[in-house]
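First up is the structure itself, then whatever we jot down about it.
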Amino acid sequence: MFHKNGNDGERAGGRSALERGREAAVSGGGEKAGVDRRTLTKSAALAATMLLASGGIAQAEPGKAPGAKDLTLRLPAPTGPHRIGVTTLYLVDRTRRDPWEPLPVREVMATVFYPARTVRGYPVAPQMSRGAAERLPFIDLLFHEGLPAKGVNWAATKTHAHTGAPAQDVRRPVLLYSPGGGDPRTLGTGIAEELAGRGYVVVTIDHPGDGSEVEFPHARAGRKKVRETVFRGNPRTDPKIFRTAIDTRIADTRFVLNQLEALAAGRNPDAEGRPLPEHLGRALDLRRVGIYGHSAGGTTAAEAMYEDRRLQAAINLEGFLDHPPASPGQEGKLFPIAQYGTDRPLLLLGTDGFPYKKELERSWSAMLAHRHGCTTRRQLDHAAHAVFNDYAAIAPQLQAAGLMSAAHRIKLVGAIDPAVSVPLVRNHVVSFFARHLPTC
């Protein structure tokens, strides 16, 4: 989900996102180098029955120590039978230039969640790296209206996965995840862990320059260690920008899948050659690959499956399947998957609280109109757009702590209780992949 912000034409990396920001209003998309820079902005306690893990501070200044009373956030625990390992990959595509900034290569960060043989002696991973967590309160509160600028210890949020744990020496289906426009991959941790705990290898992908904050192993010429989004507005108002965002995401997805093939063949695709968990490559069954994504990531998932036969099933979590219109009152061009249909399973999962349901309806109806298609559609009631990522659990905690208003919580994730929404979304995702890409 994208939200509008001010200061069009200003480049990222100079003033902070907080200085650049203005207000939020929802939408979806991306941006190309040479075009005015724009920013994507987005616009009750958790039930005691939910098992959760912890979180980190929205600091007043980067590097400032968290306060003793800052809120610790928790992520819902996975319910599957497998313990989970996790590792990160720094991937460099030397065949592409970066589309957003004058960088000679395209860099991608990815996180791999997988069933672990053992987790004993391996530390629990944080939800996000420290550098990214330090920048989050300066950037993400502009993407998601109503998030607090302080009072939360974002850097301390823990996952349920163990860094570097050895993978089970069993071939597993592989699932790729593309986050919402302007979002980091870390906001997809909850569903990724649920899938990994149920026997999948899940690879969450950041799209740098698009994602709000992406931390790399090191800085390089033209890029800081933590790269912030370049978006400064609503890409759905600019067809060229939106097209660049989706094209870049699809290319990133294809590139990551190529690197996973190298990993499965026994090579280390990490650009710095960092050690990989034992048996990780042997855990990848690349004959069984699916993809899912949220918002712009849902657009990416559906169209990437259409373009790449290696992807055998996809879930679109409330993403448009058409381009924005060139002029007001016109209709935008459908993506090929909506225009021609697909012979592979596709789930369209939406909410009743999405403010752009009317605009979404055209392309989703076109997708469903293909008589011999394999597309199904479902809807969550009393829910809103960000219910498909970790804010489903986070927003109610913020509201209960007095750090988010009820109105902002409802706008972000809906009034639905996380004790209902989290299992419901997980069940839709898990049951779809269990049907079309079973683990055994």
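Letters for chains follow the order of the structure tokens (A, B, ...), residue numbers begin at 1 for each chain, and ligand numbers begin at 1 in the order shown.
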Close residues, Thr376 (chain A) itself excluded, 10 Å, only C-alpha atoms, min 5 positions apart in chain, as a PyMOL selection string: chain A and resi 315+345-349+367-368
Distance query Leu284 (chain A) at most 12 Å, only C-alpha atoms, self and fewer than 2 positions along chain excluded, as a VMD selection string: chain A and resid 112 to 115 167 to 175 199 to 203 257 259 to 266 279 to 282 286 to 289 439
Proximity to Trp154 (chain A) - best of A:Arg74, A:Arg227, A:Lys357, A:His370, only C-alpha atoms: A:Arg74
Surrounding residues of Gly290 (chain A) excluding itself and chain neighbours under 5 positions, 8 Å, only C-alpha atoms, as a PyMOL selection string: chain A and resi 173-176+311-314+433+437
Residues near Leu276 (chain A), cut-off 10 Å, only C-alpha atoms, skip fewer than 6 positions along chain, as a PyMOL selection string: chain A and resi 86-89+164-167+263+268-270
Mind dumping the selected residues with C-alpha atoms as a PDB file, in the first residue's frame?
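Result file again25.pdb:
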ATOM      1  CA  VAL A  86      17.213 -18.205   9.092  1.00  0.00           C
ATOM      2  CA  THR A  87      19.985 -16.554   7.124  1.00  0.00           C
ATOM      3  CA  THR A  88      20.394 -13.495   4.892  1.00  0.00           C
ATOM      4  CA  LEU A  89      21.812 -13.278   1.385  1.00  0.00           C
ATOM      5  CA  GLY A 164      22.583 -19.971  10.891  1.00  0.00           C
ATOM      6  CA  ALA A 165      20.975 -23.143  12.239  1.00  0.00           C
ATOM      7  CA  PRO A 166      21.632 -26.201  10.029  1.00  0.00           C
ATOM      8  CA  ALA A 167      18.841 -26.988   7.596  1.00  0.00           C
ATOM      9  CA  LEU A 263      22.738 -22.400  -4.284  1.00  0.00           C
ATOM     10  CA  ASN A 268      27.416 -19.825  -2.619  1.00  0.00           C
ATOM     11  CA  PRO A 269      25.554 -16.909  -4.276  1.00  0.00           C
ATOM     12  CA  ASP A 270      26.276 -14.447  -1.473  1.00  0.00           C
TER      13      ASP A 270
END
Option closest in space to Val226 (chain A), from A:Met109, A:Ala401, A:Leu147, A:Val152 [counting only C-alpha atoms]: A:Met109
Shell of 9 Å around Glu307 (chain A), only C-alpha atoms, local chain residues under 3 positions omitted, as a PDB file with N, CA and C atoms, in the first residue's frame:
ATOM      1  N   ILE A 250       9.791  -7.662 -10.681  1.00  0.00           N
ATOM      2  CA  ILE A 250       9.760  -8.942 -11.393  1.00  0.00           C
ATOM      3  C   ILE A 250      11.174  -9.379 -11.755  1.00  0.00           C
ATOM      4  N   ALA A 302       1.777 -12.240  -9.110  1.00  0.00           N
ATOM      5  CA  ALA A 302       0.921 -12.733 -10.183  1.00  0.00           C
ATOM      6  C   ALA A 302       1.597 -12.621 -11.543  1.00  0.00           C
ATOM      7  N   GLU A 303       2.149 -11.458 -11.847  1.00  0.00           N
ATOM      8  CA  GLU A 303       2.742 -11.252 -13.172  1.00  0.00           C
ATOM      9  C   GLU A 303       4.052 -12.018 -13.318  1.00  0.00           C
ATOM     10  N   ALA A 304       4.822 -12.165 -12.233  1.00  0.00           N
ATOM     11  CA  ALA A 304       6.052 -12.969 -12.305  1.00  0.00           C
ATOM     12  C   ALA A 304       5.725 -14.418 -12.636  1.00  0.00           C
ATOM     13  N   LEU A 311       7.683 -20.676 -11.741  1.00  0.00           N
ATOM     14  CA  LEU A 311       6.748 -20.378 -10.655  1.00  0.00           C
ATOM     15  C   LEU A 311       5.430 -21.090 -10.930  1.00  0.00           C
ATOM     16  N   PRO A 336      -0.507  -8.665 -18.523  1.00  0.00           N
ATOM     17  CA  PRO A 336      -0.784  -9.847 -19.340  1.00  0.00           C
ATOM     18  C   PRO A 336      -1.521 -10.956 -18.604  1.00  0.00           C
ATOM     19  N   ILE A 337      -1.217 -11.159 -17.317  1.00  0.00           N
ATOM     20  CA  ILE A 337      -1.891 -12.249 -16.614  1.00  0.00           C
ATOM     21  C   ILE A 337      -3.393 -12.004 -16.520  1.00  0.00           C
TER      22      ILE A 337
END
For CA of Leu136 (chain A) and CA of Val92 (chain A), the interatomic separation in Å (one decimal):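 So the two atoms, CA of Leu136 (chain A) and CA of Val92 (chain A), lie 24.1 Å apart.
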DSSP-assigned alpha helix (DSSP H) among region 225-418 of chain A, expressed as a VMD selection string: chain A and resid 239 to 264 296 to 307 336 to 340 357 to 368 391 to 400 406 to 413 418
Write the selection just made, keeping C-alpha atoms, as a PDB file, in the first residue's frame?
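part-v6.pdb, freshly written:
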ATOM      1  CA  PRO A 239       2.199   5.118 -15.285  1.00  0.00           C
ATOM      2  CA  LYS A 240       5.924   5.276 -16.107  1.00  0.00           C
ATOM      3  CA  ILE A 241       6.916   5.177 -12.452  1.00  0.00           C
ATOM      4  CA  PHE A 242       4.499   2.371 -11.642  1.00  0.00           C
ATOM      5  CA  ARG A 243       5.688   0.307 -14.599  1.00  0.00           C
ATOM      6  CA  THR A 244       9.322   0.742 -13.546  1.00  0.00           C
ATOM      7  CA  ALA A 245       8.536  -0.405 -10.012  1.00  0.00           C
ATOM      8  CA  ILE A 246       6.758  -3.580 -11.078  1.00  0.00           C
ATOM      9  CA  ASP A 247       9.234  -4.378 -13.862  1.00  0.00           C
ATOM     10  CA  THR A 248      12.091  -3.993 -11.368  1.00  0.00           C
ATOM     11  CA  ARG A 249      10.400  -6.220  -8.816  1.00  0.00           C
ATOM     12  CA  ILE A 250       9.760  -8.942 -11.393  1.00  0.00           C
ATOM     13  CA  ALA A 251      13.399  -8.764 -12.516  1.00  0.00           C
ATOM     14  CA  ASP A 252      14.516  -8.951  -8.871  1.00  0.00           C
ATOM     15  CA  THR A 253      12.342 -12.032  -8.382  1.00  0.00           C
ATOM     16  CA  ARG A 254      13.757 -13.751 -11.459  1.00  0.00           C
ATOM     17  CA  PHE A 255      17.304 -12.902 -10.353  1.00  0.00           C
ATOM     18  CA  VAL A 256      16.769 -14.289  -6.843  1.00  0.00           C
ATOM     19  CA  LEU A 257      15.369 -17.503  -8.295  1.00  0.00           C
ATOM     20  CA  ASN A 258      18.470 -17.797 -10.501  1.00  0.00           C
ATOM     21  CA  GLN A 259      20.664 -17.395  -7.414  1.00  0.00           C
ATOM     22  CA  LEU A 260      18.703 -20.091  -5.599  1.00  0.00           C
ATOM     23  CA  GLU A 261      19.454 -22.405  -8.519  1.00  0.00           C
ATOM     24  CA  ALA A 262      23.152 -21.685  -8.002  1.00  0.00           C
ATOM     25  CA  LEU A 263      22.738 -22.400  -4.284  1.00  0.00           C
ATOM     26  CA  ALA A 264      20.973 -25.706  -4.979  1.00  0.00           C
ATOM     27  CA  ALA A 296       2.655  -4.116  -5.220  1.00  0.00           C
ATOM     28  CA  GLY A 297       4.177  -7.435  -4.185  1.00  0.00           C
ATOM     29  CA  GLY A 298       0.890  -9.121  -5.062  1.00  0.00           C
ATOM     30  CA  THR A 299       1.029  -7.536  -8.505  1.00  0.00           C
ATOM     31  CA  THR A 300       4.605  -8.786  -8.753  1.00  0.00           C
ATOM     32  CA  ALA A 301       3.717 -12.321  -7.658  1.00  0.00           C
ATOM     33  CA  ALA A 302       0.921 -12.733 -10.183  1.00  0.00           C
ATOM     34  CA  GLU A 303       2.742 -11.252 -13.172  1.00  0.00           C
ATOM     35  CA  ALA A 304       6.052 -12.969 -12.305  1.00  0.00           C
ATOM     36  CA  MET A 305       4.244 -16.318 -12.400  1.00  0.00           C
ATOM     37  CA  TYR A 306       2.804 -15.429 -15.801  1.00  0.00           C
ATOM     38  CA  GLU A 307       6.267 -14.556 -17.158  1.00  0.00           C
ATOM     39  CA  PRO A 336      -0.784  -9.847 -19.340  1.00  0.00           C
ATOM     40  CA  ILE A 337      -1.891 -12.249 -16.614  1.00  0.00           C
ATOM     41  CA  ALA A 338      -5.218 -10.419 -16.275  1.00  0.00           C
ATOM     42  CA  GLN A 339      -5.538  -9.995 -20.037  1.00  0.00           C
ATOM     43  CA  TYR A 340      -4.815 -13.593 -21.016  1.00  0.00           C
ATOM     44  CA  LYS A 357     -11.778  -1.663  -4.037  1.00  0.00           C
ATOM     45  CA  LYS A 358     -13.512  -0.078  -7.012  1.00  0.00           C
ATOM     46  CA  GLU A 359     -10.227   0.454  -8.872  1.00  0.00           C
ATOM     47  CA  LEU A 360      -9.067  -3.050  -7.914  1.00  0.00           C
ATOM     48  CA  GLU A 361     -12.300  -4.659  -9.074  1.00  0.00           C
ATOM     49  CA  ARG A 362     -11.724  -4.073 -12.782  1.00  0.00           C
ATOM     50  CA  SER A 363      -8.517  -6.095 -13.062  1.00  0.00           C
ATOM     51  CA  TRP A 364      -9.560  -8.770 -10.574  1.00  0.00           C
ATOM     52  CA  SER A 365     -12.862  -9.293 -12.409  1.00  0.00           C
ATOM     53  CA  ALA A 366     -10.959  -9.606 -15.680  1.00  0.00           C
ATOM     54  CA  MET A 367      -8.730 -12.216 -14.072  1.00  0.00           C
ATOM     55  CA  LEU A 368     -11.733 -14.218 -12.872  1.00  0.00           C
ATOM     56  CA  TYR A 391       1.117  -4.800  11.286  1.00  0.00           C
ATOM     57  CA  ALA A 392      -1.862  -7.114  11.795  1.00  0.00           C
ATOM     58  CA  ALA A 393      -0.289  -8.010  15.146  1.00  0.00           C
ATOM     59  CA  ILE A 394       1.697  -4.811  15.746  1.00  0.00           C
ATOM     60  CA  ALA A 395      -1.027  -2.170  15.315  1.00  0.00           C
ATOM     61  CA  PRO A 396      -3.291  -3.542  18.089  1.00  0.00           C
ATOM     62  CA  GLN A 397      -0.311  -3.587  20.456  1.00  0.00           C
ATOM     63  CA  LEU A 398       0.436   0.038  19.609  1.00  0.00           C
ATOM     64  CA  GLN A 399      -3.194   0.952  20.201  1.00  0.00           C
ATOM     65  CA  ALA A 400      -3.281  -0.875  23.551  1.00  0.00           C
ATOM     66  CA  ALA A 406      -8.257   3.421  17.198  1.00  0.00           C
ATOM     67  CA  ALA A 407      -9.011   5.246  13.955  1.00  0.00           C
ATOM     68  CA  HIS A 408      -5.474   4.799  12.663  1.00  0.00           C
ATOM     69  CA  ARG A 409      -5.427   1.147  13.707  1.00  0.00           C
ATOM     70  CA  ILE A 410      -8.686   0.527  11.820  1.00  0.00           C
ATOM     71  CA  LYS A 411      -7.399   2.362   8.755  1.00  0.00           C
ATOM     72  CA  LEU A 412      -4.203   0.321   8.779  1.00  0.00           C
ATOM     73  CA  VAL A 413      -5.393  -3.218   9.578  1.00  0.00           C
ATOM     74  CA  PRO A 418      -5.465 -10.235  15.605  1.00  0.00           C
TER      75      PRO A 418
END
Which residues of region 359-414 of chain A have any atom within 12 Å of an atom in region 181-185 of chain A when counting only C-alpha atoms, and what is the closest pair of atoms for each, with the distance in Å to one decimal? Order the rows by chain and rising number and write it as a tab-separated table.
residue	atom	partner	partner_atom	distance
A:His385	CA	A:Gly181	CA	12.0
A:Ala386	CA	A:Asp183	CA	10.5
A:Asn389	CA	A:Arg185	CA	9.7
A:Asp390	CA	A:Arg185	CA	10.4
A:Tyr391	CA	A:Asp183	CA	11.3
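For the choices A:Pro104, A:Thr163, A:Arg130, A:His144, the atom-to-atom distance to Pro277 (chain A) is smallest for A:Thr163 when using only C-alpha atoms.
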Atom pair CA of Asp93 (chain A) / CA of Phe388 (chain A): separation (Å):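 Atom-to-atom, CA of Asp93 (chain A) to CA of Phe388 (chain A), that is 29.3 Å.
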Interatomic distance (Å, one decimal) between CA of Glu193 (chain A) and CA of Pro78 (chain A): 5.9 Å
Closest of A:Ala156, A:Ala77, A:Ala110, A:Leu71 to Val422 (chain A) - atom-to-atom distances counting only C-alpha atoms: A:Ala77
